[in-house]
$ cat my_file-v7.txt   # compact mmCIF, C-alpha atoms
# COMPACT_ATOMS: atom_id res chain seq x y z
CA MET A 159 19.99 -91.77 20.34
CA GLY A 160 22.94 -89.67 19.72
CA LEU A 161 23.18 -86.23 21.21
CA ASP A 162 25.81 -85.15 18.77
CA ALA A 163 25.29 -83.90 15.24
CA GLY A 164 26.30 -80.65 13.61
CA GLY A 165 24.35 -77.39 13.60
CA ARG A 166 23.70 -74.49 11.25
CA GLN A 167 22.10 -71.80 13.32
CA GLY A 168 22.45 -68.06 13.26
CA ALA A 169 24.87 -65.96 11.26
CA THR A 170 27.25 -67.67 8.88
CA PRO A 171 31.03 -67.50 9.38
CA ALA A 172 33.20 -66.09 6.65
CA GLY A 173 33.65 -68.49 3.77
CA PHE A 174 30.54 -70.54 4.53
CA THR A 175 27.06 -70.28 3.11
CA ARG A 176 24.10 -70.76 5.41
CA ARG A 177 23.09 -73.92 3.61
CA ALA A 178 26.63 -75.26 3.78
CA LEU A 179 26.46 -76.02 7.47
CA LEU A 180 25.42 -79.56 8.32
CA GLY A 181 23.13 -80.51 11.15
CA THR A 182 21.04 -78.80 13.83
CA ALA A 183 19.08 -79.46 16.97
CA GLY A 184 18.18 -83.07 17.46
CA ALA A 185 20.27 -84.29 14.58
CA GLY A 186 21.05 -87.32 16.59
CA LEU A 187 19.24 -90.33 17.87
CA LEU A 188 18.39 -87.86 20.36
CA VAL A 189 20.07 -88.50 23.48
CA GLY A 190 19.60 -92.17 23.41
CA ALA A 191 18.14 -93.70 20.41
CA GLY A 192 21.15 -95.15 18.84
CA ALA A 193 23.88 -93.25 17.13
CA GLY A 194 27.18 -91.86 18.12
CA VAL A 195 28.31 -88.41 19.01
CA ALA A 196 28.88 -86.08 16.05
CA GLY A 197 30.02 -82.61 14.89
CA ALA A 198 29.21 -79.54 12.80
CA VAL A 199 30.53 -79.56 9.29
CA ALA A 200 30.68 -77.47 6.13
CA TYR A 201 28.88 -79.00 3.20
CA GLY A 202 26.34 -78.23 0.53
CA ARG A 203 25.10 -79.79 -2.69
CA PRO A 204 26.30 -78.14 -5.92
CA GLY A 205 23.90 -75.46 -7.09
CA THR A 206 22.41 -74.78 -3.69
CA ASP A 207 21.50 -71.11 -3.29
CA ALA A 208 22.40 -71.18 0.37
CA HIS A 209 22.50 -67.51 1.20
CA PRO A 210 20.07 -65.54 -0.97
CA THR A 211 20.53 -61.83 -1.55
CA GLY A 212 19.48 -59.88 1.48
CA GLY A 213 19.48 -62.99 3.64
CA ALA A 214 15.75 -63.63 3.06
CA LEU A 215 14.91 -67.16 4.18
CA GLY A 216 12.11 -67.38 1.66
CA ALA A 217 14.49 -67.08 -1.28
CA GLY A 218 16.64 -70.04 -0.19
CA ARG A 219 16.55 -72.78 -2.79
CA VAL A 220 17.86 -76.35 -2.70
CA PRO A 221 18.04 -78.15 -6.07
CA PHE A 222 15.61 -81.05 -6.35
CA ARG A 223 17.81 -82.93 -8.80
CA GLY A 224 21.31 -84.22 -8.15
CA GLU A 225 23.43 -87.26 -7.39
CA HIS A 226 21.67 -87.82 -4.06
CA GLN A 227 18.20 -86.84 -2.99
CA ALA A 228 17.90 -83.48 -1.28
CA GLY A 229 17.26 -83.47 2.45
CA ILE A 230 20.17 -85.78 3.33
CA LEU A 231 23.35 -83.70 3.11
CA GLU A 232 21.72 -80.32 3.62
CA PRO A 233 21.35 -79.04 7.18
CA GLN A 234 17.94 -79.30 8.77
CA GLN A 235 15.48 -76.60 7.99
CA ALA A 236 13.35 -74.97 10.67
CA ARG A 237 10.28 -77.12 9.95
CA VAL A 238 9.56 -80.63 8.74
CA GLN A 239 6.57 -82.71 7.77
CA LEU A 240 7.12 -86.46 7.88
CA ALA A 241 4.51 -88.78 6.43
CA ALA A 242 4.01 -92.25 5.04
CA PHE A 243 1.56 -93.49 2.43
CA ASP A 244 0.28 -96.98 1.62
CA LEU A 245 -0.52 -98.11 -1.92
CA VAL A 246 -4.17 -98.99 -2.44
CA ASP A 247 -5.07 -102.50 -3.51
CA GLY A 248 -4.55 -103.01 -7.20
CA ALA A 249 -2.37 -99.95 -7.78
CA GLY A 250 0.55 -102.17 -8.77
CA ARG A 251 3.71 -101.17 -10.54
CA ASP A 252 1.98 -98.97 -13.12
CA GLY A 253 0.11 -97.04 -10.46
CA LEU A 254 3.30 -96.52 -8.47
CA ARG A 255 5.14 -95.32 -11.56
CA ALA A 256 2.42 -92.81 -12.43
CA LEU A 257 2.31 -91.52 -8.85
CA LEU A 258 6.07 -90.98 -8.65
CA GLN A 259 5.97 -89.18 -12.00
CA ARG A 260 3.26 -86.85 -10.70
CA TRP A 261 5.15 -86.22 -7.46
CA THR A 262 8.37 -85.52 -9.35
CA LYS A 263 6.71 -82.96 -11.58
CA ALA A 264 5.09 -81.19 -8.65
CA VAL A 265 8.15 -81.17 -6.37
CA ASP A 266 10.36 -79.95 -9.21
CA ARG A 267 8.18 -76.85 -9.30
CA LEU A 268 7.59 -76.43 -5.58
CA THR A 269 11.29 -76.53 -4.71
CA ALA A 270 11.81 -73.76 -7.27
CA GLY A 271 9.15 -71.63 -5.58
CA GLU A 272 6.60 -72.20 -8.34
CA PRO A 273 3.01 -73.39 -7.82
CA ALA A 274 2.26 -77.02 -8.53
CA GLU A 275 0.33 -77.18 -11.77
CA GLU A 276 -2.14 -79.90 -10.83
CA PHE A 277 -3.02 -78.77 -7.33
CA ASP A 278 -2.37 -75.57 -5.42
CA ASN A 279 -4.36 -74.53 -2.35
CA GLN A 280 -2.51 -71.17 -2.21
CA VAL A 281 -1.48 -71.76 1.40
CA ALA A 282 2.12 -70.92 0.50
CA LEU A 283 1.27 -68.42 -2.21
CA ASP A 284 3.27 -65.54 -0.70
CA ALA A 285 6.39 -67.53 0.16
CA GLY A 286 9.43 -68.44 -1.85
CA PRO A 287 10.86 -71.97 -1.86
CA CYS A 288 12.19 -71.49 1.70
CA SER A 289 14.82 -74.19 1.10
CA LEU A 290 12.11 -76.83 0.54
CA THR A 291 13.36 -80.39 0.09
CA LEU A 292 11.65 -83.71 -0.50
CA THR A 293 13.27 -87.01 0.48
CA LEU A 294 11.51 -90.22 -0.57
CA GLY A 295 11.89 -93.60 1.11
CA LEU A 296 10.45 -96.98 0.10
CA GLY A 297 9.14 -99.42 2.70
CA ALA A 298 9.62 -103.18 2.47
CA ALA A 299 5.93 -103.97 1.84
CA LEU A 300 5.90 -101.73 -1.23
CA PHE A 301 8.00 -104.18 -3.23
CA ASP A 302 5.44 -106.97 -2.96
CA LYS A 303 2.49 -104.67 -3.65
CA ALA A 304 4.17 -103.25 -6.77
CA GLY A 305 5.37 -106.61 -8.12
CA LEU A 306 9.00 -105.77 -7.35
CA ALA A 307 9.78 -108.41 -4.73
CA ASP A 308 12.84 -109.57 -6.66
CA ARG A 309 14.30 -106.05 -6.37
CA ARG A 310 13.80 -105.58 -2.66
CA PRO A 311 17.17 -104.98 -0.94
CA ALA A 312 18.28 -107.61 1.54
CA ALA A 313 19.10 -104.88 4.06
CA LEU A 314 15.45 -103.79 4.06
CA GLU A 315 14.65 -106.54 6.54
CA PRO A 316 12.50 -105.68 9.56
CA LEU A 317 14.35 -104.05 12.42
CA PRO A 318 14.60 -106.34 15.45
CA ALA A 319 12.63 -105.68 18.60
CA PHE A 320 14.61 -103.74 21.20
CA PRO A 321 14.13 -103.85 24.97
CA GLY A 322 11.78 -101.25 26.39
CA GLU A 323 10.19 -100.06 23.15
CA ALA A 324 6.42 -99.86 22.72
CA LEU A 325 5.86 -99.30 19.00
CA ASP A 326 2.55 -98.21 17.50
CA PRO A 327 2.38 -99.59 13.93
CA ALA A 328 -0.21 -96.97 13.01
CA ARG A 329 2.43 -94.24 13.47
CA GLY A 330 5.29 -95.99 11.70
CA GLU A 331 6.33 -98.07 8.69
CA GLY A 332 4.39 -97.47 5.44
CA ASP A 333 5.01 -98.08 1.74
CA LEU A 334 6.13 -94.56 0.75
CA PHE A 335 7.85 -92.28 3.24
CA VAL A 336 8.35 -88.56 2.60
CA GLN A 337 10.44 -86.02 4.49
CA LEU A 338 9.47 -82.46 3.57
CA GLY A 339 11.71 -79.82 5.11
CA ALA A 340 11.58 -76.04 4.72
CA ASP A 341 12.26 -72.88 6.69
CA ASP A 342 8.54 -72.05 6.76
CA ALA A 343 5.80 -74.24 8.22
CA LEU A 344 3.20 -73.26 5.62
CA VAL A 345 5.54 -74.33 2.82
CA THR A 346 5.93 -77.83 4.27
CA VAL A 347 2.20 -78.22 4.94
CA HIS A 348 1.35 -77.04 1.43
CA ALA A 349 3.86 -79.46 -0.09
CA LEU A 350 2.44 -82.39 1.87
CA ARG A 351 -1.13 -81.51 0.92
CA THR A 352 -0.03 -81.35 -2.71
CA LEU A 353 1.48 -84.82 -2.55
CA GLN A 354 -1.58 -86.17 -0.77
CA LYS A 355 -3.96 -84.80 -3.40
CA LEU A 356 -1.80 -86.14 -6.21
CA ALA A 357 -1.82 -89.57 -4.53
CA ALA A 358 -5.63 -89.81 -4.45
CA GLY A 359 -6.75 -93.13 -5.83
CA THR A 360 -3.24 -94.60 -5.71
CA ALA A 361 -2.00 -94.21 -2.13
CA THR A 362 -3.55 -93.19 1.18
CA LEU A 363 -1.95 -91.33 4.06
CA ARG A 364 -0.89 -93.76 6.81
CA TRP A 365 0.63 -91.36 9.35
CA GLN A 366 1.96 -87.82 9.64
CA SER A 367 4.22 -86.01 12.12
CA ALA A 368 5.37 -82.39 12.26
CA GLY A 369 8.72 -81.36 13.70
CA PHE A 370 10.88 -78.33 14.20
CA ALA A 371 14.45 -77.19 14.72
CA ARG A 372 15.97 -73.83 15.55
CA THR A 373 15.23 -71.18 12.94
CA PRO A 374 18.29 -69.88 11.07
CA GLY A 375 19.35 -66.56 12.54
CA ALA A 376 17.93 -67.28 16.01
CA THR A 377 21.43 -67.26 17.54
CA ALA A 378 24.10 -64.62 17.19
CA ARG A 379 26.54 -67.13 15.71
CA PRO A 380 26.28 -70.62 14.23
CA MET A 381 25.76 -73.11 17.04
CA THR A 382 24.95 -76.77 17.39
CA GLY A 383 21.29 -76.95 18.32
CA ARG A 384 19.66 -78.20 21.50
CA ASN A 385 16.94 -80.78 21.91
CA LEU A 386 13.96 -80.61 24.26
CA MET A 387 16.07 -81.91 27.14
CA GLY A 388 18.15 -78.76 26.80
CA GLN A 389 21.22 -80.68 25.69
CA ILE A 390 23.45 -79.67 22.81
CA ASP A 391 22.57 -82.37 20.30
CA GLY A 392 24.76 -83.23 17.37
CA THR A 393 28.40 -82.71 18.17
CA ASN A 394 29.90 -85.72 16.40
CA ASN A 395 27.83 -86.43 13.30
CA PRO A 396 29.94 -87.96 10.50
CA LYS A 397 31.38 -85.19 8.33
CA PRO A 398 31.31 -85.25 4.51
CA GLY A 399 34.96 -84.28 4.39
CA GLU A 400 36.08 -87.25 6.45
CA ASP A 401 37.59 -90.36 4.93
CA GLY A 402 34.94 -93.01 4.50
CA PHE A 403 31.99 -90.65 4.90
CA ALA A 404 30.24 -91.73 1.69
CA ALA A 405 30.73 -95.40 2.52
CA LYS A 406 28.93 -94.87 5.83
CA VAL A 407 25.96 -93.04 4.33
CA PHE A 408 25.46 -94.05 0.68
CA CYS A 409 25.04 -97.43 -0.98
CA THR A 410 27.23 -98.88 -3.69
CA ALA A 411 26.25 -101.72 -5.99
CA GLY A 412 27.74 -105.07 -5.12
CA GLY A 413 27.28 -107.83 -2.59
CA ASP A 414 23.62 -107.91 -1.66
CA GLN A 415 23.05 -104.23 -2.51
CA PRO A 416 21.04 -103.87 -5.75
CA ALA A 417 22.34 -101.74 -8.60
CA TRP A 418 19.27 -99.50 -8.60
CA LEU A 419 20.11 -98.31 -5.05
CA ALA A 420 23.67 -97.17 -5.85
CA GLY A 421 23.96 -93.57 -4.65
CA GLY A 422 20.94 -94.07 -2.40
CA SER A 423 20.78 -94.79 1.30
CA TYR A 424 18.70 -96.37 4.05
CA LEU A 425 16.68 -94.28 6.46
CA VAL A 426 15.71 -95.30 9.97
CA PHE A 427 12.86 -93.29 11.48
CA ARG A 428 12.02 -93.45 15.18
CA ARG A 429 9.52 -91.40 17.14
CA ILE A 430 11.15 -91.10 20.55
CA ARG A 431 9.18 -89.57 23.39
CA MET A 432 11.24 -87.89 26.10
CA LEU A 433 10.07 -88.31 29.68
CA LEU A 434 10.66 -84.63 30.30
CA ASP A 435 8.97 -84.44 33.70
CA HIS A 436 11.34 -87.09 35.06
CA TRP A 437 14.36 -85.63 33.30
CA GLU A 438 13.75 -82.14 34.60
CA GLU A 439 13.59 -83.45 38.18
CA LEU A 440 17.30 -84.31 37.96
CA PRO A 441 19.81 -81.65 39.00
CA VAL A 442 21.94 -80.41 36.13
CA GLU A 443 25.02 -82.20 37.45
CA ARG A 444 23.17 -85.53 37.32
CA GLN A 445 21.86 -84.81 33.81
CA GLU A 446 25.44 -84.18 32.71
CA ARG A 447 26.57 -87.54 34.07
CA VAL A 448 23.77 -89.30 32.21
CA ILE A 449 24.97 -87.72 28.96
CA GLY A 450 28.71 -87.45 29.61
CA ARG A 451 28.80 -83.78 28.57
CA ARG A 452 28.16 -80.46 30.30
CA LYS A 453 24.82 -78.93 29.57
CA ALA A 454 26.04 -75.36 29.23
CA ASP A 455 28.55 -75.80 26.42
CA GLY A 456 28.66 -79.50 25.50
CA SER A 457 32.20 -80.02 26.74
CA PRO A 458 32.92 -83.65 27.71
CA LEU A 459 33.25 -84.45 31.40
CA ASN A 460 36.87 -85.51 30.90
CA ALA A 461 37.80 -81.89 30.07
CA PRO A 462 37.59 -78.61 32.00
CA ALA A 463 34.33 -76.71 31.97
CA GLY A 464 34.24 -74.21 29.13
CA SER A 465 36.54 -76.22 26.87
CA GLY A 466 33.72 -76.59 24.37
CA GLU A 467 31.89 -79.39 22.62
CA GLY A 468 34.72 -79.89 20.12
CA THR A 469 37.07 -81.11 22.85
CA PRO A 470 37.88 -84.79 22.26
CA VAL A 471 36.07 -87.32 24.42
CA ASP A 472 38.54 -89.37 26.47
CA LEU A 473 36.69 -92.46 27.67
CA ALA A 474 39.67 -93.59 29.77
CA ALA A 475 40.02 -90.34 31.71
CA GLN A 476 39.59 -90.47 35.48
CA GLY A 477 37.94 -87.96 37.76
CA PRO A 478 39.27 -86.53 41.02
CA ASP A 479 37.91 -89.53 42.92
CA GLY A 480 39.79 -91.98 40.72
CA GLY A 481 36.63 -93.19 39.02
CA LEU A 482 35.75 -92.73 35.37
CA ALA A 483 35.27 -89.08 34.45
CA ILE A 484 32.61 -90.18 31.98
CA PRO A 485 30.38 -92.75 33.75
CA SER A 486 30.20 -96.29 32.45
CA ASP A 487 26.56 -95.87 31.36
CA ALA A 488 26.89 -92.31 29.99
CA HIS A 489 25.30 -91.84 26.61
CA VAL A 490 28.44 -90.62 24.88
CA ARG A 491 30.33 -93.69 26.07
CA VAL A 492 27.72 -96.30 25.09
CA ALA A 493 27.01 -94.64 21.73
CA ALA A 494 30.63 -93.97 20.75
CA PRO A 495 31.55 -95.50 17.36
CA ALA A 496 34.77 -96.80 18.92
CA GLY A 497 32.70 -99.08 21.12
CA ASN A 498 30.36 -100.13 18.34
CA GLY A 499 32.70 -101.46 15.70
CA GLY A 500 32.89 -98.05 14.02
CA ALA A 501 29.14 -98.02 13.30
CA ALA A 502 28.00 -94.55 12.31
CA MET A 503 24.97 -92.83 10.84
CA LEU A 504 24.21 -89.38 9.49
CA ARG A 505 21.57 -88.19 11.92
CA ARG A 506 19.10 -85.46 10.95
CA GLY A 507 16.39 -85.42 13.61
CA PHE A 508 13.76 -82.86 14.54
CA SER A 509 12.01 -82.10 17.82
CA TYR A 510 8.26 -82.48 18.21
CA HIS A 511 5.73 -81.33 20.80
CA ASP A 512 2.17 -82.57 20.38
CA GLY A 513 0.55 -81.32 23.57
CA ALA A 514 -0.10 -83.38 26.68
CA LEU A 515 -0.90 -87.03 27.29
CA PRO A 516 -3.91 -88.05 29.43
CA ASP A 517 -1.73 -88.06 32.55
CA GLY A 518 -0.66 -84.48 31.85
CA SER A 519 2.90 -85.31 30.83
CA PRO A 520 4.30 -83.78 27.63
CA ASP A 521 3.86 -85.69 24.39
CA ALA A 522 7.18 -84.42 23.15
CA GLY A 523 10.54 -85.66 22.02
CA LEU A 524 12.55 -86.42 18.91
CA LEU A 525 11.66 -87.43 15.40
CA PHE A 526 14.85 -89.38 14.87
CA LEU A 527 16.09 -89.71 11.28
CA ALA A 528 19.33 -91.47 10.41
CA PHE A 529 20.77 -92.13 6.94
CA GLN A 530 23.23 -94.99 6.49
CA ALA A 531 24.62 -97.37 3.90
CA ASP A 532 23.39 -100.48 5.72
CA PRO A 533 21.19 -100.52 8.84
CA ARG A 534 22.46 -103.99 9.73
CA ARG A 535 25.86 -102.41 10.41
CA GLY A 536 24.63 -98.99 11.49
CA PHE A 537 21.47 -98.42 13.48
CA THR A 538 20.73 -101.97 14.60
CA PRO A 539 23.95 -102.81 16.50
CA VAL A 540 24.16 -99.34 18.05
CA GLN A 541 20.55 -99.29 19.18
CA ARG A 542 20.86 -102.81 20.57
CA LYS A 543 23.73 -101.63 22.76
CA LEU A 544 22.01 -98.40 23.77
CA SER A 545 18.79 -100.14 24.76
CA ARG A 546 20.71 -102.37 27.18
CA GLY A 547 23.38 -100.14 28.67
CA ASP A 548 22.59 -96.45 28.11
CA GLY A 549 21.67 -94.47 31.23
CA LEU A 550 19.64 -92.15 29.05
CA SER A 551 17.29 -94.92 27.92
CA ARG A 552 15.23 -94.74 31.11
CA PHE A 553 14.18 -91.22 30.12
CA LEU A 554 13.10 -92.21 26.58
CA ARG A 555 10.31 -94.24 24.99
CA HIS A 556 10.53 -95.44 21.37
CA GLU A 557 6.92 -95.26 20.17
CA ALA A 558 7.08 -95.62 16.39
CA SER A 559 9.58 -96.93 13.85
CA GLY A 560 10.24 -97.24 10.16
CA LEU A 561 12.96 -98.48 7.83
CA TYR A 562 13.09 -97.31 4.23
CA ALA A 563 15.30 -97.65 1.18
CA VAL A 564 16.07 -94.17 -0.14
CA PRO A 565 16.60 -94.15 -3.93
CA PRO A 566 19.47 -92.10 -5.37
CA GLY A 567 18.98 -88.60 -6.69
CA VAL A 568 16.94 -87.67 -9.73
CA PRO A 569 18.88 -86.81 -12.92
CA ALA A 570 17.45 -84.34 -15.42
CA GLY A 571 14.61 -85.85 -17.40
CA GLU A 572 13.97 -88.70 -14.94
CA TYR A 573 11.52 -89.21 -12.07
CA LEU A 574 11.82 -90.37 -8.47
CA GLY A 575 12.48 -94.09 -8.27
CA GLN A 576 12.98 -94.55 -12.01
CA GLN A 577 16.13 -96.62 -11.45
CA LEU A 578 14.02 -99.15 -9.53
CA LEU A 579 10.99 -99.22 -11.78
CA GLU A 580 12.73 -99.20 -15.14
CA GLY A 581 16.30 -100.25 -14.43

$ encode --input "my_file-v7.txt" --output "structure tokens"
Amino acid sequence: MGLDAGGRQGATPAGFTRRALLGTAGAGLLVGAGAGVAGAVAYGRPGTDAHPTGGALGAGRVPFRGEHQAGILEPQQARVQLAAFDLVDGAGRDGLRALLQRWTKAVDRLTAGEPAEEFDNQVALDAGPCSLTLTLGLGAALFDKAGLADRRPAALEPLPAFPGEALDPARGEGDLFVQLGADDALVTVHALRTLQKLAAGTATLRWQSAGFARTPGATARPMTGRNLMGQIDGTNNPKPGEDGFAAKVFCTAGGDQPAWLAGGSYLVFRRIRMLLDHWEELPVERQERVIGRRKADGSPLNAPAGSGEGTPVDLAAQGPDGGLAIPSDAHVRVAAPAGNGGAAMLRRGFSYHDGALPDGSPDAGLLFLAFQADPRRGFTPVQRKLSRGDGLSRFLRHEASGLYAVPPGVPAGEYLGQQLLEG
């Protein structure tokens, strides 16, 4: 799942805005769902008010409009609501268009800290925008229902079945996926309720999941976050400043990629339950060998303790006994892009904890989210390898899944998905 993706926690170093730090806890496939190791990075969309006067989280604002949808390049907020909707029978292309126009109008206001005109339950009345973002994804079935089958991307094919997964279709897939992130839980809940009310008669809620990450300012300095296994998660996420970053994350027209998706992306969602009771029975030293990194500071096992998570991983390094310093089935080894044909994704996951299962074990884990230019060359080959050779996989259960085409950003005067519907 990828224990490595950048973080934006705590105070901001000189020269960086709070919203210019990429990544946070669980920004990976989690420790084992299929992505490589990754690192913290400085980035922010133009116009982002990343560090409001006085440092008030409520005043943080992320522009709704831009080249790419918000909620991809920005670091994770403290809270997220994920949900999927299904079009009702007969809604068709016109119904979809009208719904996306209503959602666009409402989200344009909500992300600016203004009440939605058509529906406002006042739940978030006292809060500012709190860095609210909406990210929209389109499921494969939507294209048939809306009479757009000829515009469905070839890469939006069903993900293959992977060994050991037990997927519940009622908690995955869906025609319209939304990711609503903010630094306040009430803001995300209010935004989702607004979208749900505006969808009445056109689309019904299929599933919903709430997640969380570390709240900005919770640590004394910016740090890569930890997941519910206690591991630093997100050290090697692809960085926007790196050569080839955009080609890994965003689509370009050409080949079998449609023109309407240029500047967009593909999103893989996985609900990954962690078998925390079993994991916590392992001594720390054994946990570290499963991951390939030290739990305290994220340093790779090929380097001295305390060297830090930024120390390069050397997969050929040997330990004192002459064996591999990083075990052959360690997560960082199996997930490394170098061993997966360079496959990489921009991971942006959140933790979840939904109480206890009937046997008393925690219903907790990672809401894995990964953006990529083509899942056939990103998530699928990496997850196939992880599911067969990753030592971490025996402590994880993939319970829900979804693949969505993420339209490009929304220019001034346009609405979400307009390139698809009117291009």

$ residues_near_point --input "my_file-v7.txt" --point "(15.1, -100.1, -15.2)" --cutoff "12 Å" --atoms "only C-alpha atoms" --output "ChimeraX atom specification"
/A:255,306,309,416-419,572-573,575-581

$ closest_residue --input "my_file-v7.txt" --among "A:Pro318, A:Pro462, A:Gly248, A:Pro287" --to "A:Gly271" --atoms "only C-alpha atoms"
A:Pro287

$ atom_distance --input "my_file-v7.txt" --atom1 "atom CA of A:Ala312" --atom2 "atom CA of A:Asp333"
16.3 Å

$ closest_residue --input "my_file-v7.txt" --among "A:Val490, A:Ile430, A:Ala349, A:Cys409" --to "A:Asp391" --atoms "all atoms listed in the file"
A:Val490

$ residues_near_point --input "my_file-v7.txt" --point "(1.2, -88.8, -13.9)" --cutoff "12 Å" --atoms "only C-alpha atoms" --output "count of residues only"
20

$ closest_atom_pairs --input "my_file-v7.txt" --of "stretch 223-309 of chain A" --to "stretch 368-379 of chain A" --cutoff "12 Å" --atoms "all atoms listed in the file" --output "CSV"
residue,atom,partner,partner_atom,distance
A:Pro233,CA,A:Ala371,CA,10.4
A:Gln234,CA,A:Ala371,CA,7.2
A:Gln235,CA,A:Ala371,CA,6.8
A:Ala236,CA,A:Ala371,CA,4.7
A:Arg237,CA,A:Phe370,CA,4.5
A:Val238,CA,A:Gly369,CA,5.1
A:Gln239,CA,A:Ala368,CA,4.7
A:Leu240,CA,A:Ala368,CA,6.2
A:Ala241,CA,A:Ala368,CA,8.7
A:Cys288,CA,A:Pro374,CA,11.3
A:Ser289,CA,A:Pro374,CA,11.4

$ residues_around --input "my_file-v7.txt" --residues "A:Gly536" --least-positions-apart "4" --cutoff "10 Å" --atoms "only C-alpha atoms" --output "NGL selection string"
:A and (192-193 or 406-407 or 424 or 426 or 495 or 498-504 or 528-532 or 540-541)

$ residues_around --input "my_file-v7.txt" --residues "A:Leu344" --least-positions-apart "3" --cutoff "8 Å" --atoms "only C-alpha atoms" --output "PyMOL selection string"
chain A and resi 281-282+347-348

$ write_last_selection --input "my_file-v7.txt" --atoms "C-alpha atoms" --output "PDB file, in the coordinates of the input"
ATOM      1  CA  VAL A 281      -1.480 -71.760   1.400  1.00  0.00           C
ATOM      2  CA  ALA A 282       2.120 -70.920   0.500  1.00  0.00           C
ATOM      3  CA  VAL A 347       2.200 -78.220   4.940  1.00  0.00           C
ATOM      4  CA  HIS A 348       1.350 -77.040   1.430  1.00  0.00           C
TER       5      HIS A 348
END

$ residues_around --input "my_file-v7.txt" --residues "A:Leu296" --least-positions-apart "2" --cutoff "9 Å" --atoms "all atoms listed in the file" --output "number ranges by chain"
A: 294, 298-301, 332-335, 561-565

$ closest_residue --input "my_file-v7.txt" --among "A:Gly507, A:Gly497, A:Pro398, A:Gly297" --to "A:Leu527" --atoms "only C-alpha atoms"
A:Gly507

$ decode --input "my_file-v7.txt" --residues "stretch 355-386 of chain A" --atoms "C-alpha atoms" --output "PDB file, in the first residue's frame"
ATOM      1  CA  LYS A 355     -29.699  17.402  -1.134  1.00  0.00           C
ATOM      2  CA  LEU A 356     -28.852  18.944  -4.494  1.00  0.00           C
ATOM      3  CA  ALA A 357     -28.709  15.452  -6.019  1.00  0.00           C
ATOM      4  CA  ALA A 358     -32.246  14.528  -4.908  1.00  0.00           C
ATOM      5  CA  GLY A 359     -34.188  13.122  -7.820  1.00  0.00           C
ATOM      6  CA  THR A 360     -31.077  12.703  -9.969  1.00  0.00           C
ATOM      7  CA  ALA A 361     -28.617  10.595  -7.964  1.00  0.00           C
ATOM      8  CA  THR A 362     -28.762   8.586  -4.749  1.00  0.00           C
ATOM      9  CA  LEU A 363     -26.031   8.031  -2.190  1.00  0.00           C
ATOM     10  CA  ARG A 364     -24.382   4.623  -2.699  1.00  0.00           C
ATOM     11  CA  TRP A 365     -21.780   4.655   0.082  1.00  0.00           C
ATOM     12  CA  GLN A 366     -19.997   7.037   2.427  1.00  0.00           C
ATOM     13  CA  SER A 367     -16.799   6.855   4.499  1.00  0.00           C
ATOM     14  CA  ALA A 368     -15.232   9.368   6.880  1.00  0.00           C
ATOM     15  CA  GLY A 369     -11.489   9.630   7.403  1.00  0.00           C
ATOM     16  CA  PHE A 370      -8.928  11.678   9.243  1.00  0.00           C
ATOM     17  CA  ALA A 371      -5.289  12.724   9.228  1.00  0.00           C
ATOM     18  CA  ARG A 372      -3.158  14.626  11.706  1.00  0.00           C
ATOM     19  CA  THR A 373      -4.435  18.141  12.348  1.00  0.00           C
ATOM     20  CA  PRO A 374      -2.092  20.926  11.214  1.00  0.00           C
ATOM     21  CA  GLY A 375      -0.170  22.256  14.188  1.00  0.00           C
ATOM     22  CA  ALA A 376      -0.357  19.003  16.170  1.00  0.00           C
ATOM     23  CA  THR A 377       3.428  18.556  15.955  1.00  0.00           C
ATOM     24  CA  ALA A 378       6.111  21.054  16.828  1.00  0.00           C
ATOM     25  CA  ARG A 379       7.536  20.917  13.311  1.00  0.00           C
ATOM     26  CA  PRO A 380       6.335  19.623   9.941  1.00  0.00           C
ATOM     27  CA  MET A 381       6.532  15.838   9.937  1.00  0.00           C
ATOM     28  CA  THR A 382       5.442  13.004   7.712  1.00  0.00           C
ATOM     29  CA  GLY A 383       2.351  11.537   9.318  1.00  0.00           C
ATOM     30  CA  ARG A 384       1.800   8.098  10.809  1.00  0.00           C
ATOM     31  CA  ASN A 385      -0.896   5.581  10.024  1.00  0.00           C
ATOM     32  CA  LEU A 386      -2.818   3.438  12.511  1.00  0.00           C
TER      33      LEU A 386
END
